[in-house]
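K.L.:
File follows, upload39.cif with mmCIF, C-alpha atoms and all ligand atoms:
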```cif
data_input
#
loop_
_atom_site.label_atom_id
_atom_site.label_comp_id
_atom_site.auth_asym_id
_atom_site.auth_seq_id
_atom_site.Cartn_x
_atom_site.Cartn_y
_atom_site.Cartn_z
CA MET C 194 -15.51 -10.02 -35.74
CA ARG C 195 -13.95 -8.16 -32.82
CA ILE C 196 -14.64 -10.02 -29.56
CA VAL C 197 -14.74 -8.37 -26.13
CA ASP C 198 -15.25 -11.08 -23.52
CA LEU C 199 -16.59 -9.56 -20.31
CA ARG C 200 -18.22 -12.74 -18.98
CA SER C 201 -15.62 -13.49 -16.33
CA ASP C 202 -11.96 -13.21 -15.38
CA THR C 203 -11.86 -17.00 -15.84
CA VAL C 204 -11.54 -16.37 -19.59
CA THR C 205 -7.99 -15.00 -19.16
CA ARG C 206 -5.35 -16.83 -21.22
CA PRO C 207 -2.07 -17.94 -19.64
CA THR C 208 0.82 -15.55 -20.28
CA LEU C 209 3.72 -16.46 -22.58
CA LYS C 210 5.89 -16.92 -19.53
CA MET C 211 3.35 -19.39 -18.12
CA ARG C 212 3.36 -21.37 -21.36
CA GLN C 213 7.13 -21.54 -21.25
CA ALA C 214 7.07 -22.54 -17.57
CA MET C 215 4.63 -25.37 -18.37
CA LYS C 216 7.05 -26.69 -20.95
CA ASP C 217 10.00 -26.57 -18.56
CA ALA C 218 8.20 -27.81 -15.41
CA GLU C 219 9.85 -30.62 -13.51
CA VAL C 220 7.05 -33.07 -12.75
CA GLY C 221 6.22 -36.22 -10.81
CA ASP C 222 3.07 -37.96 -9.57
CA ASP C 223 1.35 -35.62 -7.11
CA GLY C 224 -0.81 -38.55 -5.94
CA PHE C 225 2.40 -39.89 -4.35
CA GLY C 226 3.41 -36.39 -3.20
CA ASP C 227 6.44 -36.28 -5.47
CA ASP C 228 5.73 -33.53 -7.98
CA PRO C 229 8.51 -31.01 -7.24
CA ALA C 230 6.84 -27.95 -8.77
CA THR C 231 3.58 -28.64 -6.93
CA ASN C 232 5.36 -29.10 -3.60
CA ARG C 233 7.23 -25.83 -4.09
CA PHE C 234 4.07 -24.04 -5.17
CA GLU C 235 1.99 -25.29 -2.22
CA LYS C 236 4.65 -24.07 0.22
CA MET C 237 4.76 -20.70 -1.50
CA ALA C 238 0.93 -20.42 -1.52
CA ALA C 239 0.69 -21.26 2.20
CA ASP C 240 3.27 -18.57 3.05
CA CYS C 241 1.50 -16.07 0.84
CA VAL C 242 -1.76 -16.29 2.83
CA GLY C 243 -0.11 -16.81 6.24
CA LYS C 244 -0.99 -20.48 6.74
CA GLU C 245 1.01 -23.56 7.78
CA ASP C 246 0.19 -25.64 4.73
CA ALA C 247 -1.68 -25.61 1.42
CA LEU C 248 -3.13 -27.99 -1.15
CA PHE C 249 -3.51 -27.54 -4.90
CA VAL C 250 -7.04 -28.48 -6.05
CA PRO C 251 -8.66 -28.58 -9.50
CA SER C 252 -11.18 -25.77 -8.88
CA GLY C 253 -12.48 -23.24 -6.42
CA THR C 254 -15.71 -25.19 -6.23
CA MET C 255 -13.88 -28.32 -5.12
CA GLY C 256 -11.70 -26.28 -2.73
CA ASN C 257 -14.75 -24.89 -0.92
CA LEU C 258 -16.39 -28.32 -0.86
CA ILE C 259 -13.31 -29.90 0.68
CA ALA C 260 -13.05 -27.15 3.31
CA ILE C 261 -16.71 -27.56 4.27
CA MET C 262 -16.31 -31.35 4.47
CA VAL C 263 -13.28 -30.99 6.75
CA HIS C 264 -14.94 -28.46 9.04
CA ALA C 265 -18.54 -29.70 9.24
CA LYS C 266 -20.27 -33.06 9.54
CA PRO C 267 -23.47 -34.01 7.65
CA GLY C 268 -26.44 -32.65 9.59
CA GLU C 269 -24.54 -29.63 10.87
CA GLY C 270 -25.28 -26.04 9.88
CA LEU C 271 -23.18 -23.47 8.11
CA ILE C 272 -23.86 -19.75 7.93
CA CYS C 273 -23.06 -17.62 4.89
CA ASP C 274 -24.59 -14.76 2.95
CA LYS C 275 -27.70 -15.52 0.97
CA PHE C 276 -26.01 -14.87 -2.40
CA ALA C 277 -22.72 -16.61 -1.54
CA HIS C 278 -21.24 -18.72 -4.33
CA ILE C 279 -21.58 -21.87 -2.18
CA ASN C 280 -25.32 -21.17 -1.82
CA THR C 281 -26.13 -20.09 -5.35
CA LEU C 282 -23.72 -21.11 -8.08
CA VAL C 283 -22.63 -24.67 -7.33
CA ALA C 284 -25.54 -26.71 -8.70
CA GLY C 285 -26.59 -27.50 -5.13
CA ASN C 286 -23.36 -29.31 -4.26
CA THR C 287 -23.17 -28.01 -0.68
CA ALA C 288 -26.39 -29.81 0.23
CA ALA C 289 -25.86 -32.79 -2.06
CA LEU C 290 -22.26 -33.61 -1.19
CA THR C 291 -21.49 -32.18 2.27
CA GLY C 292 -24.82 -32.95 3.95
CA THR C 293 -24.77 -29.60 5.74
CA THR C 294 -27.70 -27.22 5.90
CA ILE C 295 -27.03 -23.64 4.88
CA CYS C 296 -28.43 -20.87 7.03
CA PRO C 297 -28.39 -17.95 4.56
CA LEU C 298 -28.15 -14.39 5.92
CA GLU C 299 -29.79 -11.33 4.39
CA VAL C 300 -27.31 -8.79 3.05
CA ASP C 301 -27.18 -5.04 2.43
CA GLU C 302 -26.53 -3.46 -0.99
CA SER C 303 -22.81 -4.19 -0.62
CA GLY C 304 -23.39 -7.87 0.09
CA HIS C 305 -22.49 -7.53 3.78
CA PHE C 306 -24.44 -9.32 6.47
CA ASP C 307 -25.07 -7.79 9.87
CA LEU C 308 -22.74 -9.19 12.51
CA ASN C 309 -25.45 -9.22 15.23
CA GLU C 310 -27.65 -11.11 12.81
CA LEU C 311 -24.78 -13.57 12.23
CA GLU C 312 -24.41 -14.19 15.94
CA SER C 313 -28.13 -14.55 16.54
CA ASN C 314 -28.34 -17.25 13.83
CA ILE C 315 -25.77 -19.48 15.53
CA ASN C 316 -27.49 -22.50 17.03
CA LEU C 317 -25.66 -24.72 19.47
CA ASP C 318 -28.39 -26.06 21.77
CA ASN C 319 -31.82 -26.08 20.14
CA ILE C 320 -32.30 -29.68 19.03
CA HIS C 321 -34.82 -28.73 16.33
CA PHE C 322 -32.27 -26.86 14.23
CA PRO C 323 -28.96 -27.98 12.75
CA ARG C 324 -26.08 -27.37 15.13
CA THR C 325 -23.95 -24.58 13.64
CA SER C 326 -20.35 -25.54 13.11
CA LEU C 327 -19.07 -23.26 10.34
CA ILE C 328 -19.16 -19.68 9.04
CA VAL C 329 -18.21 -19.08 5.39
CA LEU C 330 -17.33 -15.58 4.20
CA GLU C 331 -16.83 -14.55 0.55
CA ASN C 332 -14.23 -11.83 -0.13
CA SER C 333 -14.46 -10.28 -2.66
CA ASN C 334 -18.18 -10.89 -2.96
CA ASN C 335 -19.01 -12.00 -6.49
CA LEU C 336 -22.77 -11.48 -6.76
CA ALA C 337 -22.68 -8.24 -4.75
CA GLY C 338 -20.52 -6.79 -7.54
CA GLY C 339 -17.02 -7.64 -6.33
CA THR C 340 -17.38 -5.75 -3.06
CA VAL C 341 -14.73 -6.13 -0.37
CA VAL C 342 -14.82 -7.13 3.30
CA THR C 343 -12.39 -5.19 5.48
CA PRO C 344 -9.73 -6.71 7.77
CA GLU C 345 -11.69 -5.28 10.75
CA ASP C 346 -14.93 -7.06 9.80
CA THR C 347 -13.00 -10.26 9.06
CA SER C 348 -11.43 -10.11 12.54
CA GLU C 349 -14.81 -9.50 14.15
CA ILE C 350 -16.30 -12.52 12.35
CA SER C 351 -13.33 -14.57 13.53
CA ARG C 352 -13.94 -13.40 17.13
CA ILE C 353 -17.61 -14.44 16.85
CA ALA C 354 -16.58 -17.84 15.47
CA LYS C 355 -14.09 -18.41 18.31
CA ARG C 356 -16.58 -17.27 20.96
CA HIS C 357 -18.94 -20.08 19.85
CA ASN C 358 -16.26 -22.62 19.01
CA LEU C 359 -17.10 -22.55 15.27
CA ARG C 360 -14.78 -22.90 12.30
CA PHE C 361 -14.35 -19.99 9.89
CA HIS C 362 -13.66 -20.58 6.17
CA LEU C 363 -12.91 -17.85 3.65
CA ASP C 364 -14.10 -18.27 0.07
CA GLY C 365 -11.34 -16.02 -1.23
CA ALA C 366 -11.72 -16.92 -4.90
CA ARG C 367 -10.70 -13.29 -5.57
CA VAL C 368 -9.15 -12.40 -2.22
CA PHE C 369 -6.12 -10.79 -3.92
CA ASN C 370 -8.48 -8.40 -5.74
CA SER C 371 -9.91 -7.48 -2.36
CA ALA C 372 -6.47 -6.94 -0.80
CA ILE C 373 -5.20 -4.84 -3.72
CA ALA C 374 -8.38 -2.73 -3.78
CA GLN C 375 -8.06 -2.00 -0.05
CA GLY C 376 -4.29 -1.53 -0.12
CA VAL C 377 -3.77 -4.17 2.59
CA ASP C 378 -1.58 -7.25 2.86
CA VAL C 379 -3.68 -10.29 1.92
CA VAL C 380 -2.77 -11.89 5.28
CA GLU C 381 -4.92 -9.23 6.97
CA LEU C 382 -7.87 -10.86 5.20
CA THR C 383 -6.83 -14.51 5.52
CA GLY C 384 -4.84 -14.71 8.77
CA ASN C 385 -7.88 -14.91 11.08
CA CYS C 386 -9.68 -17.63 9.11
CA ASP C 387 -9.24 -21.33 9.85
CA SER C 388 -9.00 -22.00 6.14
CA VAL C 389 -8.97 -20.10 2.88
CA MET C 390 -9.58 -21.01 -0.76
CA PHE C 391 -8.28 -18.80 -3.54
CA CYS C 392 -8.40 -19.23 -7.31
CA LEU C 393 -5.47 -19.04 -9.74
CA SER C 394 -7.60 -19.37 -12.84
CA LYS C 395 -9.44 -16.04 -12.51
CA GLY C 396 -7.70 -12.64 -12.53
CA LEU C 397 -4.36 -14.32 -11.78
CA ALA C 398 -4.50 -15.85 -15.27
CA SER C 399 -3.42 -19.44 -14.63
CA PRO C 400 -5.22 -21.95 -16.84
CA VAL C 401 -6.47 -24.23 -14.05
CA GLY C 402 -6.58 -24.59 -10.30
CA SER C 403 -7.16 -23.24 -6.84
CA ILE C 404 -5.47 -23.44 -3.46
CA ILE C 405 -6.85 -24.29 -0.07
CA ALA C 406 -4.72 -23.38 2.91
CA GLY C 407 -4.90 -23.83 6.67
CA THR C 408 -3.19 -25.72 9.48
CA LYS C 409 -1.18 -28.87 8.78
CA THR C 410 -3.98 -30.90 10.38
CA PHE C 411 -6.58 -29.25 8.13
CA ILE C 412 -4.52 -29.95 4.99
CA LYS C 413 -3.87 -33.57 6.00
CA GLU C 414 -7.62 -34.18 6.14
CA ALA C 415 -8.23 -32.02 3.03
CA ARG C 416 -5.78 -34.24 1.12
CA ARG C 417 -7.85 -37.31 2.04
CA ILE C 418 -11.10 -35.65 0.94
CA ARG C 419 -9.54 -34.40 -2.31
CA LYS C 420 -8.73 -38.06 -3.03
CA MET C 421 -12.29 -39.07 -2.14
CA LEU C 422 -13.68 -36.52 -4.63
CA GLY C 423 -11.33 -37.61 -7.41
CA GLY C 424 -9.31 -34.41 -7.28
CA VAL C 425 -5.80 -35.94 -7.47
CA MET C 426 -4.38 -34.72 -10.79
CA ARG C 427 -0.95 -36.46 -11.07
CA GLN C 428 1.65 -34.39 -13.05
CA THR C 429 0.33 -31.11 -11.65
CA GLY C 430 3.72 -29.43 -11.91
CA ILE C 431 2.65 -28.27 -15.36
CA LEU C 432 -0.12 -26.26 -13.70
CA ALA C 433 1.75 -25.39 -10.52
CA ALA C 434 4.45 -23.76 -12.67
CA CYS C 435 1.76 -21.31 -13.83
CA GLY C 436 0.49 -20.86 -10.27
CA ILE C 437 3.96 -19.76 -9.19
CA ILE C 438 3.92 -17.07 -11.89
CA SER C 439 0.39 -16.04 -10.84
CA LEU C 440 1.63 -15.39 -7.31
CA GLU C 441 4.88 -13.76 -8.35
CA GLU C 442 3.69 -11.56 -11.20
CA MET C 443 -0.06 -11.29 -11.55
CA ILE C 444 -1.25 -9.89 -8.21
CA ASP C 445 -0.15 -6.24 -8.33
CA ARG C 446 -1.52 -5.73 -11.83
CA LEU C 447 -5.08 -6.45 -10.60
CA ALA C 448 -5.25 -2.71 -9.81
CA GLU C 449 -5.46 -2.11 -13.56
CA ASP C 450 -8.55 -4.38 -13.80
CA HIS C 451 -10.17 -2.42 -10.97
CA ASP C 452 -9.46 0.87 -12.71
CA ASN C 453 -10.96 -0.53 -15.93
CA ALA C 454 -14.07 -1.73 -14.09
CA ARG C 455 -14.69 1.77 -12.72
CA TYR C 456 -14.13 3.23 -16.20
CA LEU C 457 -16.64 0.81 -17.73
CA ALA C 458 -19.19 1.25 -14.94
CA LYS C 459 -19.13 5.04 -15.25
CA GLY C 460 -19.51 4.72 -19.02
CA ILE C 461 -22.45 2.31 -19.04
CA GLU C 462 -24.21 4.22 -16.27
CA GLY C 463 -25.04 6.83 -18.93
CA ILE C 464 -26.49 4.33 -21.43
CA ASP C 465 -30.30 3.97 -21.54
CA GLY C 466 -31.60 0.89 -19.74
CA PHE C 467 -28.62 0.36 -17.41
CA SER C 468 -28.72 0.94 -13.64
CA ILE C 469 -25.55 0.44 -11.64
CA ASN C 470 -24.75 1.10 -8.02
CA LEU C 471 -21.29 2.63 -8.46
CA LYS C 472 -20.61 2.19 -4.73
CA THR C 473 -20.37 -1.55 -5.29
CA VAL C 474 -17.79 -1.32 -8.09
CA GLN C 475 -14.80 -1.83 -5.82
CA THR C 476 -12.78 -4.45 -7.70
CA ASN C 477 -13.12 -6.00 -11.18
CA ILE C 478 -16.81 -6.96 -11.19
CA ILE C 479 -19.80 -4.92 -12.31
CA CYS C 480 -23.26 -6.23 -11.48
CA PHE C 481 -25.90 -4.25 -13.34
CA LYS C 482 -29.62 -4.08 -13.90
CA PHE C 483 -30.84 -3.67 -17.46
CA GLU C 484 -34.39 -3.04 -18.50
CA LEU C 485 -36.08 -1.15 -21.32
CA PRO C 486 -39.79 -1.32 -22.21
CA LYS C 487 -39.03 -3.32 -25.37
CA LEU C 488 -35.76 -5.00 -24.40
CA GLY C 489 -35.17 -7.24 -21.38
CA CYS C 490 -31.75 -8.06 -19.93
CA LYS C 491 -31.55 -11.56 -21.41
CA GLU C 492 -32.49 -10.33 -24.91
CA PHE C 493 -29.96 -7.50 -24.61
CA VAL C 494 -27.21 -9.94 -23.61
CA ASP C 495 -28.12 -12.25 -26.53
CA LYS C 496 -28.13 -9.35 -29.01
CA VAL C 497 -24.73 -7.96 -28.00
CA ALA C 498 -23.27 -11.50 -28.00
CA LYS C 499 -24.17 -11.76 -31.69
CA LYS C 500 -22.05 -8.60 -32.18
CA GLY C 501 -19.07 -10.08 -30.30
CA ILE C 502 -19.60 -8.54 -26.85
CA TYR C 503 -19.94 -11.27 -24.25
CA VAL C 504 -21.67 -10.45 -20.97
CA VAL C 505 -23.37 -12.72 -18.42
CA HIS C 506 -27.11 -12.67 -17.81
CA LEU C 507 -27.46 -13.65 -14.13
CA TYR C 508 -31.20 -13.76 -13.41
CA LYS C 509 -34.29 -11.60 -14.11
CA ASP C 510 -33.02 -8.12 -15.16
CA PHE C 511 -29.56 -8.59 -13.71
CA GLY C 512 -26.28 -9.19 -15.47
CA ARG C 513 -22.54 -9.14 -14.79
CA MET C 514 -19.40 -7.92 -16.49
CA VAL C 515 -15.86 -8.62 -15.32
CA THR C 516 -12.64 -6.88 -16.34
CA HIS C 517 -9.35 -8.76 -16.64
CA LYS C 518 -5.86 -8.71 -18.07
CA ASP C 519 -6.94 -9.54 -21.65
CA LEU C 520 -9.05 -6.36 -21.96
CA ASN C 521 -7.89 -2.77 -22.28
CA LYS C 522 -9.70 0.58 -22.38
CA SER C 523 -10.06 0.46 -26.17
CA ASP C 524 -11.94 -2.87 -25.83
CA LEU C 525 -14.19 -1.29 -23.22
CA ASP C 526 -14.86 1.76 -25.43
CA TYR C 527 -15.76 -0.58 -28.28
CA ALA C 528 -18.11 -2.63 -26.03
CA MET C 529 -19.85 0.58 -24.91
CA GLU C 530 -20.31 1.67 -28.54
CA VAL C 531 -22.00 -1.66 -29.29
CA PHE C 532 -24.22 -1.32 -26.19
CA LYS C 533 -25.30 2.19 -27.30
CA ASN C 534 -26.06 1.05 -30.85
CA THR C 535 -28.04 -1.95 -29.63
CA VAL C 536 -30.13 0.23 -27.32
CA SER C 537 -30.76 2.85 -30.01
CA GLU C 538 -31.95 0.17 -32.48
CA GLN C 539 -35.04 -0.35 -30.24
C1 LIG A 1 -16.69 -16.44 -5.05
C2 LIG A 1 -16.40 -17.69 -5.83
N1 LIG A 1 -16.12 -18.82 -5.17
C3 LIG A 1 -15.84 -19.96 -5.81
C4 LIG A 1 -15.81 -20.01 -7.18
C5 LIG A 1 -15.54 -21.32 -7.87
O1 LIG A 1 -14.37 -21.36 -8.61
P1 LIG A 1 -14.20 -22.41 -9.83
O2 LIG A 1 -14.87 -21.79 -11.01
O3 LIG A 1 -12.72 -22.52 -9.96
O4 LIG A 1 -14.82 -23.69 -9.41
C6 LIG A 1 -16.09 -18.85 -7.92
C7 LIG A 1 -16.07 -18.91 -9.40
O5 LIG A 1 -16.52 -18.04 -10.10
C8 LIG A 1 -16.41 -17.67 -7.22
O6 LIG A 1 -16.72 -16.54 -7.88
#
```
Can you turn what I pasted into C-alpha cells?

P.N.:
Amino acid sequence: MRIVDLRSDTVTRPTLKMRQAMKDAEVGDDGFGDDPATNRFEKMAADCVGKEDALFVPSGTMGNLIAIMVHAKPGEGLICDKFAHINTLVAGNTAALTGTTICPLEVDESGHFDLNELESNINLDNIHFPRTSLIVLENSNNLAGGTVVTPEDTSEISRIAKRHNLRFHLDGARVFNSAIAQGVDVVELTGNCDSVMFCLSKGLASPVGSIIAGTKTFIKEARRIRKMLGGVMRQTGILAACGIISLEEMIDRLAEDHDNARYLAKGIEGIDGFSINLKTVQTNIICFKFELPKLGCKEFVDKVAKKGIYVVHLYKDFGRMVTHKDLNKSDLDYAMEVFKNTVSEQ
C-alpha cells in the first residue's frame, strides 16, 4: 500500500549522508564533556542562532523544560499563548515538573497575542497572583497552523520583557521554517531572546535531538538541569554528526516544504468537508477543520489512515497535516485523491 505520512515533520528519515556521518563520527562520553562531535556541533549551533553557548538535549520538550527551570522558580508565573506547545502538548509537564503557573493569553486567528494584553498580564506586586518571571514565545506557531512571528514583534516582546525585568524564552522548534518563510536571518528571530530551543528532528531531518542556546551562564545551569532530568546521553557524537548536516544542508530546502504546504492547502480547500484559513498556511503546517453531516474529523482521519494516508486528528473537528522532505507533489496529489474518494463514499 502506498503510504503518505502527513502527521508531522518528525517522521522524516535521516539522509544517506547523515547515516554515513553517524558511522564515521568521532565519539566520547558527553557526560564528561569529551565527545568531540557534540562539542563542535554545540559551538556551531550557538553561532547559528547568535548565542554564546548551546547544549544538545534529547528533545524539544526537555529543552523547553530546562529553559523554564533555569529562568523561573516554582511558584512563579510564565506567560505564553493559550495554545502554545508548553501549555497544551506536553502532558502537563510545565506544571508538574517546573512548578510554575502558566498565564495563557488569548490569540487571534494567526496565533498572535496582543502585546498590550501581554503587558497587562505581567504581575510583579500583587501578592495574590504568581509573580511573573518569564515570557515564552512559539515561532513558528504549531497549533495556529505554522504561522510566523516577525522580527519586529519579537523585538517588541523583548523590550516588554526587559522593561519588567523578565526573562524571554523562544520555543523555536521550527524557527528555521519561520526564518526561511520570512526571508530573514534566523538571528533576527533569536537574537533578542534570553534563550532559544530549536529541534533537529523535525524538518531538519536528524533522527533525534534539540538544541538550547543562550548565555554561558544560562548553559552552565541548563547543563546541571539536563543532568537532573536524566538527559545526559553519552556518545552523542553519533547524533551530533547528523545535527551538523541538518544545520549545513537542510535549512534552505525548507522553502520546498512551504511551497508544498500551500499546494496541498489550496487543493484540499476545494474538497467537501474541509475548511482552511489559507492566511495561516505560512510554513509547512496546515491546520484544518473537517466536518460533514455523516462524517466527523476523527472518523475521516481513521478512514484515510486505513488507505495509507496519515493525518493527525487534533481535537473536535480539527486536524493537522505537515509537509516535509520525504513528500513530493505526487504524494500530495495521491493523498488528495484518497481524500476525495473517501468523502464521495459518504
Ligand atoms: C512548537 C513545539 N515545541 C516543542 C516541541 C517538542 O519537541 P519534541 O517532540 O522534540 O519533544 C514540538 C514538537 O512537536 C513543537 O511543535

K.L.:
Throw together the list of residues within 6 Å of ligand LIG 1 (chain A), counting all atoms listed in the file, and drop it here as a list in words.

P.N.:
Ser252, Gly253, Thr254, His278, Glu331, Asn335, Asp364 and Ala366 of chain C

K.L.:
Counting all atoms listed in the file, which residue out of C:Val504, C:Leu520, C:Met514, C:Val263 sits closest to Lys413 in chain C?

P.N.:
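Of C:Val504, C:Leu520, C:Met514, C:Val263, the one nearest Lys413 in chain C, counting all atoms listed in the file, is C:Val263.
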
K.L.:
Point out the residue among C:Gly436, C:Thr516, C:Ser537, C:Lys236 with the least atom-to-atom distance to Leu485 in chain C, counting only C-alpha atoms.

P.N.:
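Closest to Leu485 in chain C, using only C-alpha atoms: C:Ser537.
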
K.L.:
Show which residues sit within 10 Å of Thr340 in chain C, as JSON, numbers by chain. Count all atoms listed in the file, and ignore same-chain residues fewer than 4 positions away.

P.N.:
{"C": [302, 303, 304, 305, 331, 332, 333, 334, 335, 336, 370, 371, 374, 472, 473, 474, 475, 476, 477, 478, 479]}

K.L.:
Rounded to one decimal place, report the CA of Lys500 in chain C-CA of Gly396 in chain C distance in Å.

P.N.:
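Between CA of Lys500 in chain C and CA of Gly396 in chain C the gap is 24.7 Å.
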
K.L.:
Please put the answer as JSON: centre and edge lengths, in Å with one decimal, of a box along x, y and z that encloses all listed atoms of range 413-431 of chain C plus 8 Å on each side.

P.N.:
```
{"center_x": -5.0, "center_y": -33.7, "center_z": -4.6, "size_x": 33.4, "size_y": 26.8, "size_z": 37.5}
```

K.L.:
For range 436-457 of chain C of the structure just presented, write N, CA and C atoms to a file, as an mmCIF file, in the first residue's frame.

P.N.:
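Heads up, here's the output in result_26.cif:
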```cif
data_model
loop_
_atom_site.group_PDB
_atom_site.id
_atom_site.type_symbol
_atom_site.label_atom_id
_atom_site.label_comp_id
_atom_site.auth_asym_id
_atom_site.auth_seq_id
_atom_site.Cartn_x
_atom_site.Cartn_y
_atom_site.Cartn_z
ATOM 1 N N GLY C 436 23.219 16.358 13.325
ATOM 2 C CA GLY C 436 22.842 17.755 13.599
ATOM 3 C C GLY C 436 23.665 18.724 12.774
ATOM 4 N N ILE C 437 24.950 18.411 12.618
ATOM 5 C CA ILE C 437 25.825 19.284 11.816
ATOM 6 C C ILE C 437 25.310 19.328 10.377
ATOM 7 N N ILE C 438 24.911 18.178 9.852
ATOM 8 C CA ILE C 438 24.386 18.141 8.476
ATOM 9 C C ILE C 438 23.043 18.878 8.405
ATOM 10 N N SER C 439 22.224 18.741 9.449
ATOM 11 C CA SER C 439 20.957 19.495 9.480
ATOM 12 C C SER C 439 21.225 20.989 9.304
ATOM 13 N N LEU C 440 22.202 21.498 10.058
ATOM 14 C CA LEU C 440 22.458 22.943 10.000
ATOM 15 C C LEU C 440 23.132 23.354 8.694
ATOM 16 N N GLU C 441 23.978 22.466 8.176
ATOM 17 C CA GLU C 441 24.702 22.835 6.949
ATOM 18 C C GLU C 441 23.860 22.679 5.688
ATOM 19 N N GLU C 442 22.979 21.666 5.686
ATOM 20 C CA GLU C 442 22.351 21.309 4.395
ATOM 21 C C GLU C 442 20.837 21.299 4.360
ATOM 22 N N MET C 443 20.187 21.323 5.515
ATOM 23 C CA MET C 443 18.737 21.067 5.483
ATOM 24 C C MET C 443 17.885 22.318 5.711
ATOM 25 N N ILE C 444 18.512 23.456 5.940
ATOM 26 C CA ILE C 444 17.721 24.658 6.265
ATOM 27 C C ILE C 444 17.113 25.282 5.010
ATOM 28 N N ASP C 445 17.935 25.542 4.000
ATOM 29 C CA ASP C 445 17.423 26.264 2.823
ATOM 30 C C ASP C 445 16.310 25.500 2.111
ATOM 31 N N ARG C 446 16.391 24.156 2.155
ATOM 32 C CA ARG C 446 15.392 23.378 1.420
ATOM 33 C C ARG C 446 13.995 23.418 2.072
ATOM 34 N N LEU C 447 13.890 23.997 3.273
ATOM 35 C CA LEU C 447 12.577 24.078 3.929
ATOM 36 C C LEU C 447 11.576 24.848 3.063
ATOM 37 N N ALA C 448 12.105 25.743 2.193
ATOM 38 C CA ALA C 448 11.230 26.519 1.303
ATOM 39 C C ALA C 448 10.368 25.587 0.443
ATOM 40 N N GLU C 449 10.940 24.446 0.076
ATOM 41 C CA GLU C 449 10.200 23.465 -0.730
ATOM 42 C C GLU C 449 8.996 22.904 0.060
ATOM 43 N N ASP C 450 9.208 22.645 1.361
ATOM 44 C CA ASP C 450 8.115 22.150 2.209
ATOM 45 C C ASP C 450 7.003 23.191 2.314
ATOM 46 N N HIS C 451 7.403 24.467 2.368
ATOM 47 C CA HIS C 451 6.407 25.543 2.483
ATOM 48 C C HIS C 451 5.582 25.639 1.193
ATOM 49 N N ASP C 452 6.278 25.507 0.081
ATOM 50 C CA ASP C 452 5.607 25.543 -1.220
ATOM 51 C C ASP C 452 4.614 24.371 -1.313
ATOM 52 N N ASN C 453 5.048 23.199 -0.867
ATOM 53 C CA ASN C 453 4.179 22.017 -0.894
ATOM 54 C C ASN C 453 2.970 22.181 0.027
ATOM 55 N N ALA C 454 3.174 22.838 1.159
ATOM 56 C CA ALA C 454 2.048 23.038 2.090
ATOM 57 C C ALA C 454 0.993 23.935 1.454
ATOM 58 N N ARG C 455 1.438 24.975 0.756
ATOM 59 C CA ARG C 455 0.469 25.868 0.088
ATOM 60 C C ARG C 455 -0.274 25.110 -1.010
ATOM 61 N N TYR C 456 0.470 24.283 -1.743
ATOM 62 C CA TYR C 456 -0.116 23.480 -2.826
ATOM 63 C C TYR C 456 -1.208 22.556 -2.259
ATOM 64 N N LEU C 457 -0.875 21.886 -1.165
ATOM 65 C CA LEU C 457 -1.824 20.955 -0.541
ATOM 66 C C LEU C 457 -3.035 21.706 0.021
#
```
